[in-house]
Each structure stands twice: as structure tokens, then as C-alpha cells.
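S.K.: Compact mmCIF, C-alpha atoms, saved as structure12.txt, coming up:
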```txt
# COMPACT_ATOMS: atom_id res chain seq x y z
CA MET A 1 0.00 0.00 0.00
CA ARG A 2 1.75 3.15 -1.21
CA ARG A 3 -0.18 5.46 1.08
CA ARG A 4 0.96 3.64 4.20
CA SER A 5 4.59 3.55 3.16
CA PHE A 6 4.35 7.25 2.36
CA LEU A 7 3.06 8.13 5.81
CA GLN A 8 5.64 6.01 7.58
CA ALA A 9 8.39 7.43 5.44
CA PHE A 10 7.18 10.95 6.00
CA GLY A 11 7.18 10.49 9.74
CA ALA A 12 10.72 9.11 9.63
CA ALA A 13 12.48 11.41 7.23
CA THR A 14 11.75 14.90 6.06
CA ALA A 15 14.25 14.12 3.31
CA LEU A 16 11.21 13.11 1.28
CA THR A 17 9.93 16.67 1.23
CA PRO A 18 11.07 17.35 -2.35
CA LEU A 19 8.85 14.48 -3.52
CA ILE A 20 5.68 15.96 -2.08
CA GLY A 21 3.49 17.28 -4.81
CA SER A 22 5.49 15.55 -7.50
CA GLY A 23 2.67 13.04 -7.90
CA LEU A 24 4.96 10.09 -7.25
CA LEU A 25 3.57 9.44 -3.81
CA MET A 26 -0.11 10.01 -4.42
CA PRO A 27 -2.49 7.18 -3.60
CA GLN A 28 -5.10 6.14 -6.13
CA THR A 29 -8.74 6.29 -5.14
CA ALA A 30 -11.98 5.36 -6.84
CA LEU A 31 -13.22 8.91 -7.38
CA ALA A 32 -10.98 11.10 -9.44
CA THR A 33 -11.16 14.31 -7.42
CA ASP A 34 -9.03 13.16 -4.50
CA SER A 35 -5.81 15.11 -4.84
CA GLY A 36 -3.76 12.75 -2.69
CA ARG A 37 -2.10 13.19 0.64
CA ALA A 38 0.30 16.00 -0.16
CA ALA A 39 -2.23 18.73 0.61
CA PHE A 40 -2.73 17.26 4.09
CA GLU A 41 0.96 17.82 4.85
CA ALA A 42 0.90 21.50 3.88
CA GLN A 43 1.56 23.80 6.85
CA THR A 44 -0.15 26.94 5.58
CA ALA A 45 -3.65 27.33 4.14
CA LEU A 46 -2.28 28.93 0.97
CA ASP A 47 0.10 26.05 0.41
CA ALA A 48 -2.71 23.54 1.00
CA LEU A 49 -4.92 25.41 -1.47
CA ARG A 50 -2.11 25.33 -4.03
CA GLN A 51 -1.72 21.58 -3.51
CA LEU A 52 -5.45 21.20 -4.14
CA GLY A 53 -5.12 23.30 -7.29
CA ALA A 54 -7.51 25.79 -5.67
CA GLY A 55 -5.16 28.76 -5.33
CA ALA A 56 -7.43 30.90 -7.48
CA ALA A 57 -10.74 29.86 -5.87
CA GLU A 58 -13.37 32.59 -6.13
CA GLN A 59 -15.90 33.40 -3.41
CA ASN A 60 -19.39 32.14 -4.13
CA ALA A 61 -22.62 32.72 -2.19
CA ALA A 62 -23.94 29.29 -3.23
CA LEU A 63 -21.52 27.75 -0.75
CA THR A 64 -22.40 27.62 2.94
CA ILE A 65 -20.25 26.74 5.91
CA ARG A 66 -21.99 26.53 9.27
CA ALA A 67 -20.05 26.58 12.50
CA PRO A 68 -20.56 28.13 15.93
CA GLU A 69 -19.40 31.74 16.24
CA ILE A 70 -17.71 30.78 19.51
CA ALA A 71 -16.56 27.20 20.01
CA GLU A 72 -16.01 26.33 23.67
CA ASN A 73 -14.09 23.14 22.93
CA GLY A 74 -11.58 23.24 20.09
CA ALA A 75 -11.29 19.46 20.19
CA ALA A 76 -14.75 19.03 18.67
CA VAL A 77 -16.18 21.93 16.69
CA PRO A 78 -19.35 20.93 14.84
CA ILE A 79 -19.40 22.13 11.23
CA GLU A 80 -21.64 21.71 8.21
CA GLY A 81 -20.71 22.37 4.59
CA ILE A 82 -23.26 22.71 1.79
CA SER A 83 -22.82 23.49 -1.90
CA THR A 84 -25.73 24.35 -4.19
CA ILE A 85 -23.35 24.99 -7.10
CA PRO A 86 -24.45 22.59 -9.88
CA GLY A 87 -21.97 19.82 -10.59
CA THR A 88 -20.12 20.06 -7.28
CA THR A 89 -17.84 17.04 -7.04
CA SER A 90 -15.77 17.82 -3.97
CA LEU A 91 -15.75 19.85 -0.76
CA SER A 92 -12.69 20.52 1.41
CA VAL A 93 -12.38 22.12 4.83
CA LEU A 94 -9.36 24.16 5.93
CA VAL A 95 -8.57 25.79 9.28
CA ASP A 96 -5.98 28.51 8.60
CA LYS A 97 -4.28 28.42 12.01
CA ASN A 98 -4.10 24.65 12.49
CA PRO A 99 -0.59 23.12 12.23
CA PHE A 100 -1.88 21.29 9.13
CA PRO A 101 -4.72 23.43 7.74
CA LEU A 102 -6.40 20.88 5.46
CA VAL A 103 -8.81 18.98 7.72
CA VAL A 104 -10.90 16.82 5.43
CA GLN A 105 -11.72 16.46 1.76
CA PHE A 106 -14.90 14.84 0.45
CA SER A 107 -15.55 13.62 -3.09
CA PHE A 108 -19.19 13.17 -4.02
CA GLY A 109 -20.77 10.99 -6.70
CA PRO A 110 -23.90 12.23 -8.49
CA GLU A 111 -26.25 10.27 -6.18
CA VAL A 112 -25.14 12.34 -3.23
CA GLN A 113 -25.94 15.88 -2.22
CA PRO A 114 -22.69 17.85 -1.85
CA ARG A 115 -23.10 18.47 1.84
CA PHE A 116 -21.77 16.99 5.06
CA GLN A 117 -21.70 17.42 8.80
CA THR A 118 -18.74 16.50 10.95
CA ARG A 119 -16.67 17.63 13.94
CA ILE A 120 -13.17 19.04 13.68
CA LYS A 121 -10.27 20.13 15.89
CA MET A 122 -9.25 23.78 15.98
CA ALA A 123 -5.96 24.74 17.65
CA GLU A 124 -7.06 28.35 18.21
CA SER A 125 -9.46 31.01 16.93
CA SER A 126 -9.15 30.92 13.16
CA ARG A 127 -10.65 31.43 9.78
CA LEU A 128 -12.47 28.37 8.47
CA ARG A 129 -12.60 27.83 4.70
CA LEU A 130 -14.86 25.62 2.62
CA VAL A 131 -13.58 24.95 -0.90
CA ALA A 132 -15.77 23.39 -3.61
CA THR A 133 -14.84 21.91 -6.97
CA ALA A 134 -17.50 22.15 -9.69
CA GLY A 135 -16.93 21.72 -13.41
CA GLY A 136 -13.18 21.92 -12.94
CA ARG A 137 -13.38 25.30 -11.18
CA PHE A 138 -12.86 26.16 -7.53
CA TYR A 139 -15.09 28.17 -5.24
CA THR A 140 -14.69 29.14 -1.60
CA VAL A 141 -16.40 30.69 1.39
CA PHE A 142 -14.97 31.78 4.77
CA ARG A 143 -16.15 31.91 8.34
CA ASP A 144 -14.28 33.06 11.43
CA VAL A 145 -14.63 30.96 14.57
CA LYS A 146 -13.49 31.94 18.06
CA VAL A 147 -12.14 29.06 20.11
CA THR A 148 -12.18 29.24 23.91
CA VAL A 149 -10.03 26.15 24.61
CA GLY A 150 -7.79 24.94 21.78
CA GLY A 151 -8.10 21.39 20.57
CA CYS A 152 -4.77 20.30 19.14
CA GLY A 153 -2.53 20.24 22.20
CA ALA A 154 -5.44 19.31 24.47
CA MET B 1 -10.36 -1.26 16.33
CA SER B 2 -12.64 -3.45 18.32
CA ASP B 3 -15.48 -0.98 18.86
CA PRO B 4 -18.01 -1.18 16.04
CA ILE B 5 -19.00 1.74 13.84
CA LYS B 6 -22.37 3.19 14.72
CA ILE B 7 -24.30 3.71 11.51
CA ARG B 8 -27.88 4.85 10.91
CA ALA B 9 -29.65 5.31 7.59
CA THR B 10 -33.02 7.05 7.61
CA LEU B 11 -35.40 7.96 4.80
CA LYS B 12 -37.44 11.13 4.39
CA GLY B 13 -39.37 10.66 1.16
CA SER B 14 -36.70 9.79 -1.41
CA THR B 15 -33.90 11.56 0.47
CA GLY B 16 -31.77 9.39 2.69
CA GLU B 17 -29.58 10.50 5.54
CA VAL B 18 -26.62 8.45 6.73
CA ARG B 19 -25.09 9.15 10.14
CA LEU B 20 -21.82 7.58 11.25
CA LEU B 21 -19.79 7.44 14.43
CA ILE B 22 -16.43 5.67 14.10
CA PRO B 23 -14.65 4.90 17.39
CA HIS B 24 -11.04 5.92 16.72
CA PRO B 25 -8.46 7.95 18.70
CA MET B 26 -7.55 10.26 15.75
CA GLU B 27 -4.20 10.93 17.46
CA SER B 28 -2.45 13.79 15.68
CA GLY B 29 1.15 12.95 16.54
CA LEU B 30 1.53 16.47 17.96
CA ARG B 31 0.56 15.66 21.54
CA HIS B 32 2.79 14.56 24.42
CA ASP B 33 2.07 12.20 27.28
CA PRO B 34 2.72 13.30 30.90
CA ALA B 35 6.32 12.00 30.64
CA GLY B 36 6.96 14.30 27.69
CA GLN B 37 7.01 11.54 25.09
CA THR B 38 5.32 12.27 21.78
CA ILE B 39 2.16 10.25 21.34
CA PRO B 40 2.51 8.67 17.88
CA ALA B 41 0.09 9.69 15.16
CA HIS B 42 -2.83 7.30 14.73
CA TYR B 43 -5.64 8.58 12.57
CA ILE B 44 -8.03 7.57 9.84
CA THR B 45 -6.77 8.64 6.42
CA SER B 46 -9.64 7.58 4.20
CA LEU B 47 -13.28 6.70 4.36
CA THR B 48 -15.52 5.30 1.63
CA LEU B 49 -19.30 5.18 1.64
CA SER B 50 -20.96 2.95 -0.95
CA LEU B 51 -24.58 2.77 -2.10
CA ASN B 52 -25.59 -0.74 -3.26
CA GLY B 53 -21.92 -1.62 -3.70
CA ARG B 54 -20.91 1.48 -5.66
CA PRO B 55 -18.68 4.13 -4.00
CA VAL B 56 -20.55 7.45 -3.81
CA ILE B 57 -18.51 9.34 -1.21
CA GLU B 58 -14.75 9.22 -0.70
CA ALA B 59 -13.24 11.21 2.12
CA GLY B 60 -9.58 11.95 2.79
CA LEU B 61 -8.98 12.80 6.44
CA GLY B 62 -6.20 14.73 8.10
CA THR B 63 -5.30 14.68 11.78
CA ALA B 64 -7.74 17.49 12.64
CA VAL B 65 -10.93 15.47 12.35
CA SER B 66 -12.11 15.06 15.96
CA ALA B 67 -11.56 11.84 17.90
CA ASN B 68 -14.35 9.31 17.31
CA PRO B 69 -15.25 10.95 13.98
CA GLN B 70 -18.89 11.68 13.26
CA PHE B 71 -20.31 12.30 9.81
CA ALA B 72 -23.71 12.92 8.29
CA PHE B 73 -24.43 12.72 4.55
CA GLN B 74 -27.51 13.13 2.36
CA LEU B 75 -28.30 10.87 -0.60
CA GLN B 76 -30.90 11.50 -3.29
CA ASP B 77 -33.36 9.04 -4.84
CA VAL B 78 -32.87 6.22 -2.38
CA LYS B 79 -35.50 3.71 -1.28
CA THR B 80 -36.20 1.16 1.42
CA GLY B 81 -33.76 -1.74 1.14
CA ASP B 82 -30.92 0.22 -0.48
CA ARG B 83 -27.67 -0.86 1.10
CA ILE B 84 -24.98 1.41 2.57
CA ASP B 85 -21.45 0.15 3.20
CA VAL B 86 -18.80 2.17 5.01
CA ALA B 87 -15.10 1.34 5.16
CA TRP B 88 -12.16 3.19 6.67
CA LEU B 89 -8.37 2.86 6.62
CA ASP B 90 -5.93 4.48 9.06
CA ASN B 91 -2.26 5.44 8.89
CA ARG B 92 -1.25 2.15 10.54
CA GLY B 93 -3.08 0.09 7.94
CA GLN B 94 -5.90 -0.83 10.29
CA ARG B 95 -9.34 -1.05 8.72
CA GLY B 96 -12.95 -1.10 9.77
CA ASP B 97 -16.27 -1.43 8.04
CA ALA B 98 -20.00 -1.52 8.63
CA GLU B 99 -23.17 -1.82 6.63
CA THR B 100 -26.84 -1.03 6.96
CA THR B 101 -29.93 -0.70 4.79
CA PHE B 102 -32.41 2.12 4.47
CA GLY B 103 -35.66 1.35 6.19
CA THR B 104 -34.12 -0.51 9.12
CA THR B 105 -34.14 1.19 12.48
```
Do you think you could lay out the structure here as C-alpha cells?
M.R.:
Amino acid sequence: MRRRSFLQAFGAATALTPLIGSGLLMPQTALATDSGRAAFEAQTALDALRQLGAGAAEQNAALTIRAPEIAENGAAVPIEGISTIPGTTSLSVLVDKNPFPLVVQFSFGPEVQPRFQTRIKMAESSRLRLVATAGGRFYTVFRDVKVTVGGCGA
Amino acid sequence: MSDPIKIRATLKGSTGEVRLLIPHPMESGLRHDPAGQTIPAHYITSLTLSLNGRPVIEAGLGTAVSANPQFAFQLQDVKTGDRIDVAWLDNRGQRGDAETTFGTT
């Protein structure tokens, strides 16, 4: 399994860093929109967006991200992402101030509404981004969330 | 993991909702135990949800999905008896899966 060997290797040696993003280490998945693991290793939101190919994502009101304005517990912040952009095939969540900003990336087949609910960790108060892919283009929406007790070191 | 996935599939008209709770530590590898030792990363990296055997949702997960991950998804044009399978894989190569059908409670 290439993904496993990648993760073990990454943990052991940062010497692999030049390979990240080269495509050599990307796992294959059934739906084509998964961009591999490299974006999950990015340490800034902009770098993660570049890895996703979404550096030029434009804001779009047909995207919704729901999250509490103030999250008491950063270890479990409930969020919901919804896209009403026709042809949405993937939704990704980023937390700008997390050590690794890309949190989760969903790929949706046509039988599924492009929406999800989950719970995420937030290290501190931060901007939350939802990024959608539709028809090969990228769209985004932001929301700022205040965190009372951070959830990464907790 | 020994604890089973909790999975529930409910129908409202032709729209189905799937709710999941996967018992898993989702350890980020950034935390330390009381002795100052780094707690090794242990987290789910991918999750697949299939409808009647065909993958319809693939998720890639980072370390910042909360421990014991919960998800809810909405599916269109589903009916009683349609089957949902869920499978996950973590960074240690451990796997888990579960299945249910719409219309069961």
C-alpha cells in the first residue's frame, strides 16, 4: 500500500519533502477528485490550497459553511458544509491556524448531495474555509470561529 | 479497532440521511504524554461510503478530524432496502467497516 509507506516514510524522514506534490507518492482512489495526501501535509492554508489546485478559488454565495461563532471546545467543533453549485464534485475544509490546515476532503458521486456534517479540531481562533470543486473550477467561502479552549494540544 | 461503527440510515421521502460514528483515537502525533514523550500519530486517512456496492462518497482525512469521527451525509433518490457500506483505513493500515440498509431502524 503506497499510502501507508508514504506516511511512515514521512514520519521518519523529512528528506522526502522534495517528492511531495510531485505526484509520485499520491495514492489512487476510486473517485478522481481526491488530490492525494500531499495537501494534508501543507503547513499553511495557501500552500494547502495550491496543492489542491484551488489557489485561485473565487468566493461564491452558493456555498455555505456553518459553525458556531464561539466554540467552547476546540477538540470538537461541529461544522456543516453545503454546496448548491451545480456539478459540485468535492468539498474541502481548511482551518488557517491549524498546524496542518487541510482537515478533510470529500468527493461526491452524483447520487449524493454535496453536503456533510462533521466535527473538527481547531488549535485556536481561526478562519475556516470551505472549498468546492465544480466543473473543474474552484469556489470558496470563509467563516471566522473563536475558540475558547484549543483542541490540538489538548 | 474493536469498537463497532455506529451507523444509521433514515429515509425522508426519497432523500436518505446516513449518520456515522467511528470509534477511533484520531491521534495527531503532535501531543505529548505526561512524561513528555510524543504520542505517535494514529488517525483515519480515508473513508468510503458505498450505495448498493458502488462508491458514492470518498473522504480523505487529516489529523484534525475530531476523535471518534462523526459524519452525516444526504443521498438522493434512495428507497427502502438500499444498502450502505462504510469502510475506513488508518495510517497504521488498520481497517474497519460496517453496513446497513435504508428502512431498518
S.K.: Which residues of chain A are close to chain B, meaning at most 7 Å apart when you count all atoms listed in the file, and how do they look as a list in words?
M.R.: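 Every residue meeting the condition is included here: Arg4, Leu7, Leu31, Phe40, Ala75, Ala76, Leu102, Val103, Val104, Gln105, Phe106, Ser107, Phe108, Gly109, Glu111, Val112, Gln113, Arg115, Phe116, Gln117, Thr118, Arg119, Ile120, Lys121 and Gly153 of chain A.
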S.K.: By how many Å are atom CA of Ala56 of chain A and atom CA of Val141 of chain A apart?
M.R.: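 These atoms are spaced 12.6 Å apart.
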S.K.: (-4.4, 31.3, 5.6) in this file's frame - what residues fall within 9 Å of it? Use all atoms listed in the file and give the answer as a list of chain:residue names.
M.R.: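 These residues have at least one counted atom within 9 Å: A:Thr44, A:Ala45, A:Leu46, A:Asp47, A:Leu94, A:Val95, A:Asp96, A:Lys97, A:Pro101, A:Ser126, A:Arg127, A:Arg129.
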S.K.: Those residues you just picked out, can you put them in a file as an mmCIF file, in the frame of the given file with C-alpha atoms?
M.R.:
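So part_26.cif came out as:
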```
data_model
loop_
_atom_site.group_PDB
_atom_site.id
_atom_site.type_symbol
_atom_site.label_atom_id
_atom_site.label_comp_id
_atom_site.auth_asym_id
_atom_site.auth_seq_id
_atom_site.Cartn_x
_atom_site.Cartn_y
_atom_site.Cartn_z
ATOM 1 C CA THR A 44 -0.150 26.940 5.580
ATOM 2 C CA ALA A 45 -3.650 27.330 4.140
ATOM 3 C CA LEU A 46 -2.280 28.930 0.970
ATOM 4 C CA ASP A 47 0.100 26.050 0.410
ATOM 5 C CA LEU A 94 -9.360 24.160 5.930
ATOM 6 C CA VAL A 95 -8.570 25.790 9.280
ATOM 7 C CA ASP A 96 -5.980 28.510 8.600
ATOM 8 C CA LYS A 97 -4.280 28.420 12.010
ATOM 9 C CA PRO A 101 -4.720 23.430 7.740
ATOM 10 C CA SER A 126 -9.150 30.920 13.160
ATOM 11 C CA ARG A 127 -10.650 31.430 9.780
ATOM 12 C CA ARG A 129 -12.600 27.830 4.700
#
```
S.K.: With all atoms listed in the file as the counted atoms, please give the residues lying no more than 9 Å from segment 6-10 of chain B, apart from itself and same-chain residues fewer than 6 positions off, as a PyMOL selection string.
M.R.: chain B and resi 16-23+84+86+98-105
S.K.: Could you list, as a list of chain:residue names, every residue within 8 Å of segment 130-134 of chain A, counting all atoms listed in the file and ignoring same-chain residues fewer than 3 positions away?
M.R.: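 In the requested form, the answer reads A:Ala54, A:Ala57, A:Leu63, A:Thr64, A:Ile65, A:Gly81, A:Ser83, A:Ile85, A:Pro86, A:Gly87, A:Thr88, A:Thr89, A:Ser90, A:Leu91, A:Ser92, A:Val93, A:Leu94, A:Arg137, A:Phe138, A:Tyr139, A:Thr140, A:Val141, A:Phe142.
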S.K.: With C-alpha atoms retained, export the selected residues as an mmCIF file, in the frame of the given file.
M.R.:
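As a result, again.cif now contains:
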```cif
data_model
loop_
_atom_site.group_PDB
_atom_site.id
_atom_site.type_symbol
_atom_site.label_atom_id
_atom_site.label_comp_id
_atom_site.auth_asym_id
_atom_site.auth_seq_id
_atom_site.Cartn_x
_atom_site.Cartn_y
_atom_site.Cartn_z
ATOM 1 C CA ALA A 54 -7.510 25.790 -5.670
ATOM 2 C CA ALA A 57 -10.740 29.860 -5.870
ATOM 3 C CA LEU A 63 -21.520 27.750 -0.750
ATOM 4 C CA THR A 64 -22.400 27.620 2.940
ATOM 5 C CA ILE A 65 -20.250 26.740 5.910
ATOM 6 C CA GLY A 81 -20.710 22.370 4.590
ATOM 7 C CA SER A 83 -22.820 23.490 -1.900
ATOM 8 C CA ILE A 85 -23.350 24.990 -7.100
ATOM 9 C CA PRO A 86 -24.450 22.590 -9.880
ATOM 10 C CA GLY A 87 -21.970 19.820 -10.590
ATOM 11 C CA THR A 88 -20.120 20.060 -7.280
ATOM 12 C CA THR A 89 -17.840 17.040 -7.040
ATOM 13 C CA SER A 90 -15.770 17.820 -3.970
ATOM 14 C CA LEU A 91 -15.750 19.850 -0.760
ATOM 15 C CA SER A 92 -12.690 20.520 1.410
ATOM 16 C CA VAL A 93 -12.380 22.120 4.830
ATOM 17 C CA LEU A 94 -9.360 24.160 5.930
ATOM 18 C CA ARG A 137 -13.380 25.300 -11.180
ATOM 19 C CA PHE A 138 -12.860 26.160 -7.530
ATOM 20 C CA TYR A 139 -15.090 28.170 -5.240
ATOM 21 C CA THR A 140 -14.690 29.140 -1.600
ATOM 22 C CA VAL A 141 -16.400 30.690 1.390
ATOM 23 C CA PHE A 142 -14.970 31.780 4.770
#
```
S.K.: What does the distance between atom CA of Pro78 of chain A and atom CA of Arg66 of chain A come to in Å, to one decimal place?
M.R.: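 Answer for the atom CA of Pro78 of chain A to atom CA of Arg66 of chain A separation: 8.3 Å.
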S.K.: Pick from A:Pro114, A:Ala123, A:Gly53, A:Asp144: nearest to Ala39 of chain A, with all atoms listed in the file counted?
M.R.: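 The closest residue to Ala39 of chain A is A:Gly53.
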S.K.: Using atom CA of Pro68 of chain A and atom CA of Leu52 of chain A as the two end points, give the distance in Å to one decimal.
M.R.: 26.1 Å
S.K.: Would you please work out which residue, of B:Met26, B:Thr80, B:Leu11, B:Ile5, is nearest to Ile44 of chain B when using only C-alpha atoms?
M.R.: B:Met26
